[in-house]
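Structure data (compact mmCIF, C-alpha atoms) from my_file33.txt:
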```txt
# COMPACT_ATOMS: atom_id res chain seq x y z
CA MET A 262 66.02 69.89 45.74
CA LYS A 263 69.27 70.75 47.56
CA SER A 264 71.19 73.84 46.51
CA PHE A 265 74.93 73.76 45.99
CA VAL A 266 77.11 76.48 47.52
CA ALA A 267 80.56 76.59 45.95
CA PRO A 268 83.49 77.20 48.30
CA PRO A 269 85.23 80.58 47.82
CA ALA A 270 88.48 78.92 46.74
CA LEU A 271 86.68 77.17 43.88
CA LEU A 272 85.01 80.40 42.79
CA LEU A 273 88.36 82.19 42.79
CA ALA A 274 90.00 79.39 40.82
CA LEU A 275 87.23 79.41 38.20
CA HIS A 276 87.35 83.21 37.99
CA PHE A 277 91.04 83.16 37.00
CA ALA A 278 90.99 79.97 34.94
CA SER A 279 91.73 80.17 31.25
CA PRO A 280 88.91 79.04 28.94
CA ALA A 281 90.95 75.95 28.02
CA ALA A 282 91.34 74.98 31.66
CA VAL A 283 87.62 75.37 32.39
CA ALA A 284 86.69 73.37 29.29
CA GLY A 285 89.13 70.64 30.29
CA GLY A 286 91.60 71.34 27.50
CA SER A 287 94.86 69.47 27.41
CA SER A 288 98.29 70.97 27.94
CA SER A 289 100.06 70.57 24.64
CA SER A 290 103.22 72.33 23.52
CA THR A 291 101.57 74.48 20.85
CA GLY A 292 99.06 77.31 20.66
CA THR A 293 97.34 78.86 23.65
CA ASP A 294 97.60 75.62 25.62
CA ALA A 295 101.39 76.09 25.79
CA ARG A 296 100.88 79.29 27.77
CA HIS A 297 98.47 77.43 30.07
CA TYR A 298 101.01 74.62 30.49
CA SER A 299 103.84 76.96 31.47
CA ARG A 300 101.62 78.63 34.09
CA ALA A 301 100.39 75.26 35.36
CA THR A 302 103.94 74.10 36.09
CA ALA A 303 105.16 77.37 37.63
CA ALA A 304 106.27 77.13 41.25
CA ASP A 305 104.78 79.39 43.90
CA ARG A 306 106.94 81.56 46.17
CA HIS A 307 107.75 78.58 48.43
CA GLY A 308 108.95 76.43 45.50
CA ARG A 309 105.84 74.24 45.49
CA HIS A 310 104.06 73.45 42.25
CA SER A 311 100.35 74.03 42.62
CA ARG A 312 97.30 74.33 40.42
CA GLN A 313 96.08 77.25 42.58
CA ALA A 314 99.19 79.26 41.66
CA ALA A 315 98.64 78.41 38.01
CA LEU A 316 95.09 79.76 38.00
CA SER A 317 95.89 83.07 39.67
CA GLU A 318 97.15 84.98 36.61
CA ARG A 319 94.95 86.97 34.27
CA VAL A 320 95.70 89.30 31.33
CA GLY A 321 93.55 92.29 30.41
CA MET A 322 93.17 96.06 30.44
CA ALA A 323 93.81 98.22 33.51
CA SER A 324 92.95 101.84 34.17
CA TYR A 325 93.55 104.22 37.05
CA TYR A 326 91.16 106.33 39.07
CA ARG A 327 90.89 109.09 41.64
CA PRO A 328 87.78 108.58 43.77
CA THR A 329 86.68 111.50 45.94
CA GLN A 330 84.64 109.61 48.51
CA ARG A 331 85.02 106.63 50.82
CA LEU A 332 85.98 103.33 49.26
CA ALA A 333 83.79 100.22 49.21
CA SER A 334 85.94 98.84 52.03
CA GLY A 335 84.93 101.84 54.20
CA MET A 336 88.46 103.24 54.28
CA PRO A 337 89.27 106.76 53.08
CA PHE A 338 91.05 106.99 49.72
CA HIS A 339 94.77 107.85 49.82
CA ALA A 340 96.06 108.87 46.38
CA SER A 341 99.65 108.02 47.32
CA ALA A 342 98.82 104.45 48.42
CA LEU A 343 99.56 101.47 46.17
CA THR A 344 95.99 100.17 46.03
CA ALA A 345 93.49 98.95 43.46
CA ALA A 346 89.84 98.17 42.83
CA HIS A 347 88.65 94.73 41.68
CA ARG A 348 85.14 93.38 41.20
CA THR A 349 85.43 90.12 43.15
CA LEU A 350 88.74 89.70 45.00
CA PRO A 351 88.46 90.06 48.79
CA PHE A 352 89.61 93.30 50.38
CA GLY A 353 93.22 93.02 51.53
CA THR A 354 94.27 90.67 48.71
CA ARG A 355 97.74 91.48 47.37
CA VAL A 356 98.06 91.53 43.58
CA ARG A 357 101.07 92.03 41.28
CA ILE A 358 100.31 94.12 38.20
CA LYS A 359 102.78 93.94 35.30
CA HIS A 360 102.55 96.42 32.40
CA LEU A 361 102.95 94.23 29.31
CA GLY A 362 104.14 97.16 27.17
CA ASN A 363 107.19 98.09 29.24
CA GLY A 364 107.69 95.22 31.72
CA ARG A 365 107.36 97.40 34.83
CA TRP A 366 105.38 95.97 37.77
CA VAL A 367 103.87 97.01 41.07
CA ASP A 368 102.33 95.16 44.02
CA VAL A 369 98.98 96.60 45.16
CA ARG A 370 96.37 95.80 47.79
CA ILE A 371 92.67 95.51 46.87
CA ASN A 372 90.59 98.00 48.87
CA ASP A 373 87.74 99.02 46.53
CA ARG A 374 85.26 97.63 43.99
CA GLY A 375 85.47 98.25 40.27
CA PRO A 376 86.22 98.76 37.46
CA TYR A 377 82.76 99.35 36.11
CA ILE A 378 83.80 99.69 32.46
CA ALA A 379 83.48 96.58 30.28
CA GLY A 380 86.75 94.94 29.29
CA ARG A 381 88.79 96.20 32.24
CA ILE A 382 90.09 93.79 34.88
CA ILE A 383 91.44 96.22 37.50
CA ASP A 384 91.54 99.91 38.45
CA LEU A 385 94.77 101.17 40.00
CA SER A 386 95.37 104.15 42.26
CA LYS A 387 97.23 107.03 40.61
CA ALA A 388 100.39 106.19 42.60
CA ALA A 389 100.35 102.56 41.37
CA ALA A 390 99.72 103.72 37.79
CA ASP A 391 102.73 106.08 38.06
CA VAL A 392 104.99 103.22 39.18
CA ILE A 393 104.26 101.15 36.07
CA GLY A 394 104.17 104.15 33.73
CA MET A 395 100.58 104.05 32.51
CA THR A 396 99.36 107.53 33.46
CA GLY A 397 100.11 108.97 30.01
CA ARG A 398 97.45 106.96 28.20
CA GLY A 399 95.33 106.17 31.23
CA ILE A 400 94.91 102.50 30.31
CA ALA A 401 97.35 99.66 29.69
CA ARG A 402 97.41 95.95 28.89
CA VAL A 403 98.57 94.20 32.05
CA SER A 404 98.96 90.81 33.64
CA MET A 405 97.44 90.47 37.08
CA THR A 406 98.80 87.83 39.48
CA VAL A 407 97.16 87.20 42.85
CA LEU A 408 99.88 86.95 45.52
CA GLY A 409 97.65 86.18 48.51
CA ARG A 410 96.42 88.04 51.58
```

Translate the structure described by the file into structure tokens.
Amino acid sequence: MKSFVAPPALLLALHFASPAAVAGGSSSSTGTDARHYSRATAADRHGRHSRQAALSERVGMASYYRPTQRLASGMPFHASALTAAHRTLPFGTRVRIKHLGNGRWVDVRINDRGPYIAGRIIDLSKAAADVIGMTGRGIARVSMTVLGR
């Protein structure tokens, strides 16, 4: 029996897809599908409408961290750098994090693996957490949009 190896682009698209999109849900104008529809018709930074851009946004909890050793990418940790840790995104990927409580956002670069706590989608460096104003509580509900490499 032949084994199937999924291309990385497909894996990334499925990782960020909403449950309705994976299940083949329709884009109606009510309920959670309306949110999916508005993302599906959003234009990317070049003005093109693409399904890839629509699948690159995710909402969840973020935290911040201060590692004391080398990062998973092999680079030393710089507390003042606008960086983040993600479980699956490739190192060097640029991501926009928007704090849903206050509307502030920051662009970070993935350079580590994590978070390792259930329910969290990203760990930010302390500097990135300061920019969006989440250091007081230590966690925040955010939207994460992949910008590219």

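Distances from A:Val320, A:Leu343, A:Pro337, A:Arg348 to Arg370 in chain A were compared using only C-alpha atoms, and the smallest one belongs to A:Leu343.
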
Q) Which distance in Å separates CA of Thr406 in chain A and CA of Asp368 in chain A, to one decimal? A) 9.3 Å

(Q) If we count all atoms listed in the file and set the cut-off at 8 Å, which residues sit around Ala323 in chain A, ignoring sequence neighbours fewer than 6 positions away in its own chain? Please answer as an MDAnalysis selection string. (A) chainID A and resid 381:385 400:403

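Straight-line separation from CA of Ala389 in chain A to CA of Asn372 in chain A: 13.1 Å.
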
Q) Val369 in chain A: which residues within 6 Å, counting only C-alpha atoms, same-chain residues fewer than 2 positions away excluded, as number ranges by chain? A) A: 343-344, 355-356

Q: Extract, using only C-alpha atoms, all DNA, RNA and protein residues at most 10 Å from Phe352 in chain A, discarding same-chain residues fewer than 3 positions from it, and format them as a list of chain:residue names.
A: A:Ala333, A:Ser334, A:Ala345, A:Ala346, A:His347, A:Thr349, A:Arg355, A:Arg370, A:Ile371, A:Asn372, A:Asp373, A:Arg374, A:Arg410

(Q) Can you tell me which residues surround Ala390 in chain A at a distance of at most 9 Å, considering only C-alpha atoms, apart from same-chain residues fewer than 2 positions away, and format the answer as a PyMOL selection string? (A) chain A and resi 324-325+343+367+385-388+392-396+399-400

Resulting file, chosen residues, C-alpha atoms, as an mmCIF file, keeping the file's coordinate frame:
```cif
data_model
loop_
_atom_site.group_PDB
_atom_site.id
_atom_site.type_symbol
_atom_site.label_atom_id
_atom_site.label_comp_id
_atom_site.auth_asym_id
_atom_site.auth_seq_id
_atom_site.Cartn_x
_atom_site.Cartn_y
_atom_site.Cartn_z
ATOM 1 C CA SER A 324 92.950 101.840 34.170
ATOM 2 C CA TYR A 325 93.550 104.220 37.050
ATOM 3 C CA LEU A 343 99.560 101.470 46.170
ATOM 4 C CA VAL A 367 103.870 97.010 41.070
ATOM 5 C CA LEU A 385 94.770 101.170 40.000
ATOM 6 C CA SER A 386 95.370 104.150 42.260
ATOM 7 C CA LYS A 387 97.230 107.030 40.610
ATOM 8 C CA ALA A 388 100.390 106.190 42.600
ATOM 9 C CA VAL A 392 104.990 103.220 39.180
ATOM 10 C CA ILE A 393 104.260 101.150 36.070
ATOM 11 C CA GLY A 394 104.170 104.150 33.730
ATOM 12 C CA MET A 395 100.580 104.050 32.510
ATOM 13 C CA THR A 396 99.360 107.530 33.460
ATOM 14 C CA GLY A 399 95.330 106.170 31.230
ATOM 15 C CA ILE A 400 94.910 102.500 30.310
#
```

Q) In Å, with one decimal, what is the gap from CA of Gly335 in chain A to CA of Val407 in chain A? A)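 Computing it gives 22.2 Å between the two atoms.
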
Q. So which one's closest to Ile378 in chain A, A:Ser317, A:Gly409, A:Tyr326, A:Gly397? Using all atoms listed in the file, please.
A.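 Closest candidate: A:Tyr326.
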
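Remark: for Ala379 in chain A, the closest of the candidate residues A:Arg331, A:Gly321, A:Ala342, A:Leu350 is A:Gly321 (distances computed over all atoms listed in the file).
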
**Q.** Nearest residue to Leu408 in chain A from the set A:Ile358, A:Asp391, A:Met322, A:Tyr377 (distances using all atoms listed in the file)
**A.**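 Nearest to Leu408 in chain A: A:Ile358.
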
Q | For Arg327 in chain A, the nearest of the candidates A:Arg365, A:Arg398, A:Arg357, A:His339, counting only C-alpha atoms | A | A:His339

Q | Which residue of A:Gly375, A:Leu361, A:Gly380, A:Glu318 approaches Met405 in chain A most closely, using only C-alpha atoms | A |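 Once distances to Met405 in chain A are computed over only C-alpha atoms, the minimum belongs to A:Glu318.
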